[in-house]
file start11.cif (mmCIF, C-alpha atoms)
data_protein
loop_
_atom_site.label_atom_id
_atom_site.label_comp_id
_atom_site.auth_asym_id
_atom_site.auth_seq_id
_atom_site.Cartn_x
_atom_site.Cartn_y
_atom_site.Cartn_z
CA MET A 1 113.67 64.44 88.26
CA ASN A 2 110.70 62.23 87.41
CA PRO A 3 107.18 63.69 86.98
CA LYS A 4 106.03 62.50 90.41
CA GLU A 5 108.96 64.23 92.15
CA ALA A 6 108.39 67.39 90.12
CA GLN A 7 104.73 67.42 91.12
CA LEU A 8 105.63 66.91 94.78
CA GLN A 9 108.16 69.75 94.65
CA LYS A 10 105.57 72.00 93.04
CA LYS A 11 103.08 71.26 95.83
CA LYS A 12 105.71 72.15 98.40
CA GLY A 13 106.51 75.38 96.58
CA GLY A 14 110.17 74.38 96.24
CA SER A 15 110.83 75.31 92.61
CA PRO A 16 112.68 78.54 91.75
CA LEU A 17 109.60 79.85 89.95
CA ASP A 18 107.49 79.30 93.05
CA PHE A 19 110.01 81.21 95.14
CA ILE A 20 110.09 84.09 92.65
CA THR A 21 106.31 84.32 92.37
CA ASN A 22 105.89 84.09 96.14
CA TRP A 23 108.63 86.41 97.33
CA GLY A 24 109.94 88.23 94.25
CA MET A 25 108.23 91.51 95.04
CA LEU A 26 109.50 91.58 98.63
CA LEU A 27 112.96 90.76 97.26
CA ILE A 28 112.71 93.74 94.91
CA ILE A 29 111.80 95.98 97.85
CA ALA A 30 114.81 94.69 99.80
CA ILE A 31 117.17 95.17 96.84
CA LEU A 32 115.93 98.73 96.25
CA PHE A 33 116.26 99.52 99.94
CA VAL A 34 119.88 98.34 99.98
CA PHE A 35 120.62 100.14 96.70
CA PHE A 36 119.36 103.49 97.96
CA ALA A 37 121.08 103.01 101.33
CA VAL A 38 124.43 102.30 99.67
CA SER A 39 124.03 105.02 97.01
CA MET A 40 123.17 107.74 99.52
CA PRO A 41 124.86 106.90 102.82
CA GLY A 42 123.91 109.28 105.57
CA MET A 43 120.87 110.55 103.66
CA PHE A 44 118.53 107.68 102.91
CA LEU A 45 119.03 105.42 105.89
CA THR A 46 118.07 107.84 108.63
CA GLY A 47 115.25 107.74 111.14
CA ASP A 48 113.74 110.96 109.82
CA ASN A 49 113.72 109.66 106.25
CA MET A 50 112.13 106.35 107.25
CA ILE A 51 109.38 108.29 109.03
CA THR A 52 108.99 110.46 105.93
CA ILE A 53 108.52 107.40 103.72
CA LEU A 54 105.92 105.90 106.08
CA ARG A 55 104.11 109.21 106.37
CA ASN A 56 104.06 109.66 102.61
CA ILE A 57 102.64 106.19 101.94
CA SER A 58 100.01 106.37 104.68
CA ILE A 59 97.38 108.17 102.59
CA THR A 60 98.08 106.03 99.54
CA THR A 61 97.79 102.86 101.62
CA VAL A 62 94.45 103.82 103.18
CA ILE A 63 92.94 104.67 99.79
CA ALA A 64 94.45 101.52 98.24
CA VAL A 65 93.00 99.34 101.03
CA GLY A 66 89.58 100.63 99.99
CA LEU A 67 90.36 99.56 96.43
CA THR A 68 91.47 96.19 97.81
CA PHE A 69 87.89 95.57 98.97
CA ALA A 70 86.61 96.31 95.46
CA LEU A 71 89.23 94.01 93.94
CA SER A 72 88.31 91.24 96.39
CA VAL A 73 84.98 90.85 94.57
CA ASN A 74 86.77 91.11 91.23
CA GLY A 75 85.61 94.69 90.81
CA MET A 76 87.36 97.98 90.16
CA ASP A 77 86.85 101.47 91.58
CA LEU A 78 88.47 104.26 89.59
CA SER A 79 86.51 106.86 91.56
CA ILE A 80 88.72 106.57 94.67
CA GLY A 81 90.88 109.58 93.74
CA ALA A 82 87.87 111.80 93.04
CA ASN A 83 86.27 110.57 96.26
CA ALA A 84 89.39 111.46 98.27
CA ASN A 85 89.48 114.88 96.63
CA PHE A 86 85.80 115.49 97.38
CA ALA A 87 86.31 114.41 101.01
CA ALA A 88 89.29 116.73 101.44
CA ALA A 89 87.29 119.63 100.03
CA PHE A 90 84.16 118.91 102.07
CA VAL A 91 85.85 118.41 105.44
CA THR A 92 87.87 121.60 104.95
CA THR A 93 84.77 123.64 104.13
CA THR A 94 83.01 122.42 107.28
CA PHE A 95 85.69 124.24 109.24
CA VAL A 96 86.48 127.22 107.00
CA TRP A 97 83.09 128.05 105.50
CA TYR A 98 80.69 126.89 108.19
CA GLY A 99 82.76 127.43 111.32
CA MET A 100 82.33 123.90 112.72
CA GLN A 101 84.82 123.07 115.46
CA SER A 102 83.82 119.51 116.29
CA ILE A 103 86.37 117.32 114.51
CA GLY A 104 84.40 114.12 115.08
CA VAL A 105 81.18 115.56 113.66
CA SER A 106 83.00 116.99 110.61
CA ILE A 107 84.76 113.70 109.85
CA LEU A 108 81.58 111.64 110.31
CA LEU A 109 79.56 114.04 108.17
CA THR A 110 82.23 113.92 105.46
CA ILE A 111 82.23 110.12 105.36
CA ILE A 112 78.44 110.02 105.19
CA VAL A 113 78.37 112.54 102.33
CA CYS A 114 81.10 110.62 100.48
CA LEU A 115 79.03 107.45 100.67
CA SER A 116 77.11 109.05 97.81
CA VAL A 117 80.04 107.91 95.65
CA ALA A 118 79.37 104.32 96.69
CA ALA A 119 75.66 104.84 96.02
CA VAL A 120 76.32 105.94 92.44
CA ASN A 121 78.80 103.11 91.87
CA CYS A 122 76.40 100.50 93.23
CA LEU A 123 73.53 101.87 91.18
CA LEU A 124 75.54 101.67 87.96
CA ILE A 125 77.42 98.43 88.68
CA VAL A 126 75.04 96.30 90.72
CA LYS A 127 71.66 97.60 89.56
CA PHE A 128 72.33 98.44 85.91
CA LYS A 129 75.06 95.79 85.42
CA ILE A 130 77.52 98.22 83.86
CA MET A 131 81.14 97.02 83.79
CA ASP A 132 82.92 98.09 86.98
CA MET A 133 85.75 99.97 85.30
CA ILE A 134 83.47 101.94 82.98
CA ALA A 135 80.92 102.71 85.69
CA SER A 136 83.52 103.88 88.22
CA LEU A 137 85.20 105.95 85.48
CA ALA A 138 81.89 107.74 84.98
CA THR A 139 81.56 108.21 88.74
CA MET A 140 85.09 109.61 88.84
CA PHE A 141 84.22 112.32 86.32
CA ILE A 142 80.93 113.08 88.09
CA PHE A 143 82.56 113.67 91.47
CA GLN A 144 85.54 115.48 90.03
CA GLY A 145 83.00 117.93 88.66
CA ILE A 146 81.00 118.02 91.89
CA ALA A 147 84.13 118.81 93.92
CA LEU A 148 85.16 121.58 91.53
CA THR A 149 81.63 123.01 91.47
CA TYR A 150 81.32 122.86 95.24
CA THR A 151 84.63 124.69 95.78
CA ARG A 152 83.96 127.02 92.82
CA GLY A 153 87.03 125.67 91.06
CA GLY A 154 89.53 126.87 93.64
CA ALA A 155 91.39 125.89 96.77
CA VAL A 156 89.79 126.11 100.21
CA THR A 157 92.08 127.80 102.73
CA GLU A 158 91.80 129.67 105.98
CA ARG A 159 90.85 133.34 105.66
CA MET A 160 90.04 132.92 101.98
CA MET A 161 87.86 135.44 100.21
CA MET A 162 84.28 134.36 99.71
CA PRO A 163 82.29 135.18 96.53
CA ASP A 164 80.59 138.12 98.27
CA GLY A 165 83.96 139.68 99.10
CA SER A 166 83.92 138.75 102.78
CA GLN A 167 86.51 136.66 104.56
CA ALA A 168 85.82 133.02 105.39
CA PRO A 169 84.60 132.94 108.98
CA GLY A 170 86.17 129.73 110.26
CA LEU A 171 89.60 128.29 110.97
CA ILE A 172 90.83 124.70 110.80
CA PRO A 173 91.18 123.41 114.38
CA PRO A 174 94.77 122.72 115.46
CA GLU A 175 93.66 119.26 116.60
CA PHE A 176 92.59 118.44 113.05
CA LYS A 177 95.89 119.64 111.61
CA ALA A 178 97.64 117.44 114.17
CA LEU A 179 96.04 114.41 112.51
CA GLY A 180 98.25 115.16 109.51
CA LYS A 181 101.44 114.56 111.47
CA ALA A 182 103.39 111.32 111.20
CA GLU A 183 102.53 110.20 114.72
CA PHE A 184 98.85 110.01 113.72
CA LEU A 185 98.99 109.20 109.99
CA ILE A 186 101.15 106.10 110.42
CA PRO A 187 99.05 104.50 113.21
CA ILE A 188 95.85 105.21 111.26
CA MET A 189 97.37 103.46 108.24
CA LEU A 190 98.36 100.42 110.31
CA ILE A 191 94.96 100.20 112.00
CA VAL A 192 93.21 100.30 108.61
CA VAL A 193 95.48 97.56 107.20
CA VAL A 194 95.02 95.29 110.24
CA PHE A 195 91.25 95.83 110.24
CA ALA A 196 91.00 95.00 106.53
CA PHE A 197 93.20 91.92 106.95
CA PHE A 198 91.13 90.48 109.80
CA PHE A 199 87.85 91.34 108.09
CA LEU A 200 88.77 89.72 104.78
CA THR A 201 90.60 86.74 106.30
CA TYR A 202 88.79 85.81 109.48
CA THR A 203 85.17 86.86 109.05
CA LYS A 204 82.58 85.05 107.00
CA HIS A 205 81.80 88.30 105.18
CA GLY A 206 85.39 88.64 104.02
CA ARG A 207 85.49 85.02 102.88
CA TYR A 208 82.22 85.53 101.04
CA MET A 209 83.69 88.55 99.27
CA TYR A 210 86.65 86.48 98.09
CA ALA A 211 84.22 83.75 97.00
CA VAL A 212 82.26 86.29 94.95
CA GLY A 213 85.48 87.52 93.39
CA GLY A 214 86.64 84.00 92.59
CA ASN A 215 83.46 82.71 90.99
CA PRO A 216 80.26 84.75 91.37
CA GLU A 217 78.04 82.07 89.85
CA ALA A 218 79.36 79.38 92.20
CA ALA A 219 78.96 81.81 95.11
CA ARG A 220 75.36 82.48 94.08
CA LEU A 221 74.60 78.75 93.86
CA SER A 222 76.11 78.35 97.35
CA GLY A 223 73.56 80.79 98.74
CA ILE A 224 75.82 83.83 99.01
CA PRO A 225 73.97 87.07 98.18
CA VAL A 226 76.41 88.24 95.50
CA SER A 227 74.87 91.67 94.97
CA LYS A 228 74.93 92.39 98.70
CA TYR A 229 78.64 91.70 98.96
CA ARG A 230 79.47 93.68 95.84
CA VAL A 231 77.63 96.62 97.40
CA LEU A 232 79.55 96.10 100.65
CA ALA A 233 82.84 96.13 98.75
CA TYR A 234 82.07 99.50 97.17
CA VAL A 235 80.88 100.92 100.48
CA PHE A 236 84.23 100.02 102.05
CA SER A 237 86.06 101.43 99.04
CA SER A 238 84.20 104.71 99.41
CA ILE A 239 84.73 104.92 103.19
CA PHE A 240 88.47 104.39 102.99
CA ALA A 241 88.86 106.73 100.02
CA ALA A 242 87.04 109.40 102.04
CA LEU A 243 89.24 108.68 105.06
CA GLY A 244 92.29 109.08 102.85
CA GLY A 245 90.96 112.44 101.67
CA ILE A 246 90.39 113.56 105.26
CA MET A 247 93.97 112.56 106.12
CA LEU A 248 95.17 114.52 103.09
CA ALA A 249 93.29 117.64 104.20
CA ALA A 250 94.82 117.34 107.67
CA TYR A 251 98.27 116.81 106.18
CA ILE A 252 98.28 119.89 103.93
CA GLY A 253 96.01 122.01 106.16
CA SER A 254 93.76 123.01 103.26
CA SER A 255 91.97 121.65 100.21
CA GLN A 256 93.80 122.03 96.93
CA VAL A 257 92.31 121.61 93.47
CA LYS A 258 92.34 117.93 92.44
CA ALA A 259 94.88 117.05 95.15
CA GLY A 260 93.16 113.74 95.83
CA ASP A 261 93.13 112.76 92.16
CA ALA A 262 96.90 112.34 92.29
CA TYR A 263 96.44 109.31 94.57
CA LEU A 264 94.46 107.27 92.04
CA MET A 265 97.29 105.66 90.08
CA PRO A 266 99.64 105.06 93.06
CA SER A 267 96.74 103.40 94.89
CA VAL A 268 95.85 101.23 91.90
CA ALA A 269 99.52 100.27 91.51
CA ALA A 270 99.85 99.45 95.23
CA ALA A 271 96.74 97.25 95.24
CA TYR A 272 97.76 95.32 92.13
CA ILE A 273 101.36 94.92 93.24
CA GLY A 274 99.92 93.38 96.40
CA PHE A 275 98.55 90.48 94.34
CA SER A 276 102.06 89.08 93.95
CA VAL A 277 103.24 89.50 97.55
CA ALA A 278 103.74 86.15 99.31
CA GLY A 279 102.13 84.44 96.34
CA ALA A 280 98.64 85.52 97.41
CA GLY A 281 97.38 85.83 93.85
CA LYS A 282 94.51 88.00 95.08
CA ALA A 283 93.87 91.39 96.60
CA ASN A 284 95.06 91.44 100.21
CA PRO A 285 95.72 94.30 102.67
CA PHE A 286 99.28 93.42 103.67
CA GLY A 287 100.20 92.98 100.02
CA THR A 288 98.66 96.40 99.36
CA LEU A 289 100.79 97.87 102.15
CA ALA A 290 103.88 96.30 100.59
CA GLY A 291 102.88 97.71 97.21
CA ALA A 292 102.46 101.18 98.65
CA ALA A 293 105.83 100.84 100.41
CA LEU A 294 107.45 99.94 97.09
CA VAL A 295 105.91 102.93 95.31
CA GLY A 296 106.86 105.23 98.20
CA LEU A 297 110.39 103.82 98.31
CA LEU A 298 110.86 104.50 94.61
CA ASP A 299 109.54 108.05 94.94
CA ASN A 300 111.70 108.85 97.94
CA GLY A 301 114.88 107.32 96.54
CA PHE A 302 114.56 108.84 93.10
CA ILE A 303 113.81 112.29 94.49
CA MET A 304 116.96 112.07 96.63
CA MET A 305 118.91 111.01 93.53
CA SER A 306 117.44 113.98 91.59
CA VAL A 307 115.83 111.72 89.01
CA PRO A 308 113.39 113.76 86.83
CA TYR A 309 109.82 113.29 88.02
CA TYR A 310 108.62 112.29 84.55
CA ALA A 311 111.05 109.34 84.49
CA MET A 312 109.61 107.95 87.74
CA ASP A 313 106.40 106.93 85.99
CA ILE A 314 108.40 104.72 83.62
CA VAL A 315 109.89 102.82 86.55
CA LYS A 316 106.53 102.58 88.35
CA GLY A 317 104.93 101.20 85.21
CA CYS A 318 107.68 98.60 84.83
CA VAL A 319 107.31 97.57 88.49
CA LEU A 320 103.53 97.20 88.10
CA ALA A 321 104.04 95.15 84.92
CA ALA A 322 106.51 92.92 86.78
CA ALA A 323 104.07 92.43 89.65
CA LEU A 324 101.27 91.45 87.30
CA ALA A 325 103.62 89.12 85.43
CA LEU A 326 104.52 87.38 88.69
CA THR A 327 100.85 87.07 89.63
CA TYR A 328 99.67 85.64 86.33
CA ALA A 329 102.71 83.39 85.98
CA ARG A 330 101.66 81.78 89.25
CA LYS A 331 98.04 81.46 88.14
CA LYS A 332 99.15 79.83 84.91
CA ASN A 333 101.14 77.26 86.81
#
call {"tool": "encode", "arguments": {"input": "start11.cif", "output": "structure tokens"}}
result
Amino acid sequence: MNPKEAQLQKKKGGSPLDFITNWGMLLIIAILFVFFAVSMPGMFLTGDNMITILRNISITTVIAVGLTFALSVNGMDLSIGANANFAAAFVTTTFVWYGMQSIGVSILLTIIVCLSVAAVNCLLIVKFKIMDMIASLATMFIFQGIALTYTRGGAVTERMMMPDGSQAPGLIPPEFKALGKAEFLIPIMLIVVVFAFFFLTYTKHGRYMYAVGGNPEAARLSGIPVSKYRVLAYVFSSIFAALGGIMLAAYIGSSQVKAGDAYLMPSVAAAYIGFSVAGAGKANPFGTLAGAALVGLLDNGFIMMSVPYYAMDIVKGCVLAAALALTYARKKN
């Protein structure tokens, strides 16, 4: 093959490397799906188990979509887990401690309060020019401490004992607990993914965010207010992390100590795995959904196969490394 033909094939995406970098991650998902289905016939490939997988990845996906917005401007938000944990604690206390029964008001109030996470991130990152990862790491520790201080270091449950020895006056409304069922969690996840996709792909604000992430100096010279769109990215990250925490509280029917923190690494993995899906090479919501599906598929399959939980992290790390390798191999070419 002469150089001109090779260049033409590369433009058409016809080389094996192009196929691997474009579709390798989806191929891995398909292979794992078939492997688990064949290894555990009658257990894995059932309607109930498919619903379980989708339900389990719904919270991770929503939180990871928030991170996708931060990544779109070439940022990073390590505070998403602490934000989700704070949201779960706050929304639960509105019902249990303060006796609120309006679900809409409690959810809206929780999201507004959790925007304080975005405010701190934006102050450190946009105003003081601190590196995103370091600044959001500081924010993570701050709000981990705030959540623990607010809940006095314990879980928030119905009929819990208050510090004065009395019983908590409120109960979690059944309608709120219903939000934690699969028939609500899965549609919420899909709505969030579709919204993020259309916002980032088809609105000028989304395109501006990608432009800022690609080359902030060129974006600035083009008249794009770079700081404004970096702030917007962290606002979205905070909102969706808070929504994920609210979904978590509805799912477990209480607020457990640092429950939201456990979603940090799966969400980061899902968002970065999404870079390699369909050869996007950038943060994108459908890629993030695919990444979350891969992480959830691994968890579900390995649990069914009785693989020790500590070994799962090895596999997840290898999958994330493979996804990043596919992404950067494409960028190099």
call {"tool": "atom_distance", "arguments": {"input": "start11.cif", "atom1": "CA of Arg55 in chain A", "atom2": "CA of Ser276 in chain A"}}
result
23.7 Å
call {"tool": "atom_distance", "arguments": {"input": "start11.cif", "atom1": "CA of Ile111 in chain A", "atom2": "CA of Ser267 in chain A"}}
result
19.1 Å
call {"tool": "resolve_selection", "arguments": {"input": "start11.cif", "expression": "the PyMOL selection byres ((chain A and resi 268-272) around 10)", "output": "short mmCIF file (atom, residue, chain, number, x, y, z; two decimals) with C-alpha atoms, in the frame of the given file"}}
result
data_model
loop_
_atom_site.label_atom_id
_atom_site.label_comp_id
_atom_site.auth_asym_id
_atom_site.auth_seq_id
_atom_site.Cartn_x
_atom_site.Cartn_y
_atom_site.Cartn_z
CA ILE A 57 102.64 106.19 101.94
CA THR A 60 98.08 106.03 99.54
CA THR A 61 97.79 102.86 101.62
CA ILE A 63 92.94 104.67 99.79
CA ALA A 64 94.45 101.52 98.24
CA VAL A 65 93.00 99.34 101.03
CA GLY A 66 89.58 100.63 99.99
CA LEU A 67 90.36 99.56 96.43
CA THR A 68 91.47 96.19 97.81
CA PHE A 69 87.89 95.57 98.97
CA LEU A 71 89.23 94.01 93.94
CA MET A 76 87.36 97.98 90.16
CA ASP A 77 86.85 101.47 91.58
CA LEU A 78 88.47 104.26 89.59
CA ILE A 80 88.72 106.57 94.67
CA GLY A 81 90.88 109.58 93.74
CA TYR A 263 96.44 109.31 94.57
CA LEU A 264 94.46 107.27 92.04
CA MET A 265 97.29 105.66 90.08
CA PRO A 266 99.64 105.06 93.06
CA SER A 267 96.74 103.40 94.89
CA ILE A 273 101.36 94.92 93.24
CA GLY A 274 99.92 93.38 96.40
CA PHE A 275 98.55 90.48 94.34
CA SER A 276 102.06 89.08 93.95
CA VAL A 277 103.24 89.50 97.55
CA GLY A 281 97.38 85.83 93.85
CA LYS A 282 94.51 88.00 95.08
CA ALA A 283 93.87 91.39 96.60
CA ASN A 284 95.06 91.44 100.21
CA PRO A 285 95.72 94.30 102.67
CA PHE A 286 99.28 93.42 103.67
CA GLY A 287 100.20 92.98 100.02
CA THR A 288 98.66 96.40 99.36
CA LEU A 289 100.79 97.87 102.15
CA ALA A 290 103.88 96.30 100.59
CA GLY A 291 102.88 97.71 97.21
CA ALA A 292 102.46 101.18 98.65
CA ALA A 293 105.83 100.84 100.41
CA LEU A 294 107.45 99.94 97.09
CA VAL A 295 105.91 102.93 95.31
CA GLY A 296 106.86 105.23 98.20
CA LYS A 316 106.53 102.58 88.35
CA GLY A 317 104.93 101.20 85.21
CA VAL A 319 107.31 97.57 88.49
CA LEU A 320 103.53 97.20 88.10
CA ALA A 321 104.04 95.15 84.92
CA ALA A 323 104.07 92.43 89.65
CA LEU A 324 101.27 91.45 87.30
CA THR A 327 100.85 87.07 89.63
#
call {"tool": "closest_residue", "arguments": {"input": "start11.cif", "among": "A:Phe302, A:Cys318, A:Phe236, A:Val192", "to": "Phe33 in chain A", "atoms": "only C-alpha atoms"}}
result
A:Phe302
call {"tool": "atom_distance", "arguments": {"input": "start11.cif", "atom1": "CA of Met160 in chain A", "atom2": "CA of Val257 in chain A"}}
result
14.3 Å
call {"tool": "residues_around", "arguments": {"input": "start11.cif", "residues": "Ile130 in chain A", "least_positions_apart": "6", "cutoff": "12 Å", "atoms": "all atoms listed in the file", "output": "list of chain:residue names"}}
result
A:Gly75, A:Met76, A:Val120, A:Asn121, A:Cys122, A:Leu123, A:Leu124, A:Ser136, A:Leu137, A:Ala138, A:Thr139
call {"tool": "closest_residue", "arguments": {"input": "start11.cif", "among": "A:Ser255, A:Ile103, A:Ser227, A:Cys114", "to": "Phe128 in chain A", "atoms": "all atoms listed in the file"}}
result
A:Ser227
call {"tool": "residues_around", "arguments": {"input": "start11.cif", "residues": "Asn49 in chain A", "least_positions_apart": "4", "cutoff": "12 Å", "atoms": "only C-alpha atoms", "output": "PyMOL selection string"}}
result
chain A and resi 36-37+40-45+53-56+182+296-297+300-301+304
call {"tool": "resolve_selection", "arguments": {"input": "start11.cif", "expression": "the PyMOL selection byres ((chain A and resi 108) around 12)", "output": "list of chain:residue names"}}
result
A:Ala87, A:Phe90, A:Val91, A:Thr94, A:Ser102, A:Ile103, A:Gly104, A:Val105, A:Ser106, A:Ile107, A:Leu109, A:Thr110, A:Ile111, A:Ile112, A:Val113, A:Cys114, A:Leu115, A:Ile239, A:Ala242, A:Leu243, A:Ile246
call {"tool": "closest_residue", "arguments": {"input": "start11.cif", "among": "A:Ala178, A:Val117, A:Ile191, A:Val126", "to": "Ser237 in chain A", "atoms": "only C-alpha atoms"}}
result
A:Val117
call {"tool": "axis_aligned_box", "arguments": {"input": "start11.cif", "around": "range 171-190 of chain A", "padding_each_side": "8 Å", "output": "AutoDock Vina command-line options"}}
result
--center_x 96.5 --center_y 114.4 --center_z 112.4 --size_x 29.8 --size_y 43.9 --size_z 24.4
call {"tool": "closest_residue", "arguments": {"input": "start11.cif", "among": "A:Ala325, A:Val96, A:Leu298, A:Ala155", "to": "Ala168 in chain A", "atoms": "all atoms listed in the file"}}
result
A:Val96
call {"tool": "residues_around", "arguments": {"input": "start11.cif", "residues": "Met247 in chain A", "least_positions_apart": "5", "cutoff": "9 Å", "atoms": "all atoms listed in the file", "output": "list in words"}}
result
Ser58, Ile59, Ala88, Leu179, Gly180, Leu185, Ala242 and Ile252 of chain A
call {"tool": "closest_residue", "arguments": {"input": "start11.cif", "among": "A:Leu32, A:Ala322, A:Ile186, A:Ala84", "to": "Ala262 in chain A", "atoms": "all atoms listed in the file"}}
result
A:Ala84
call {"tool": "closest_residue", "arguments": {"input": "start11.cif", "among": "A:Ala249, A:Ala30, A:Met100, A:Val73", "to": "Pro169 in chain A", "atoms": "all atoms listed in the file"}}
result
A:Met100
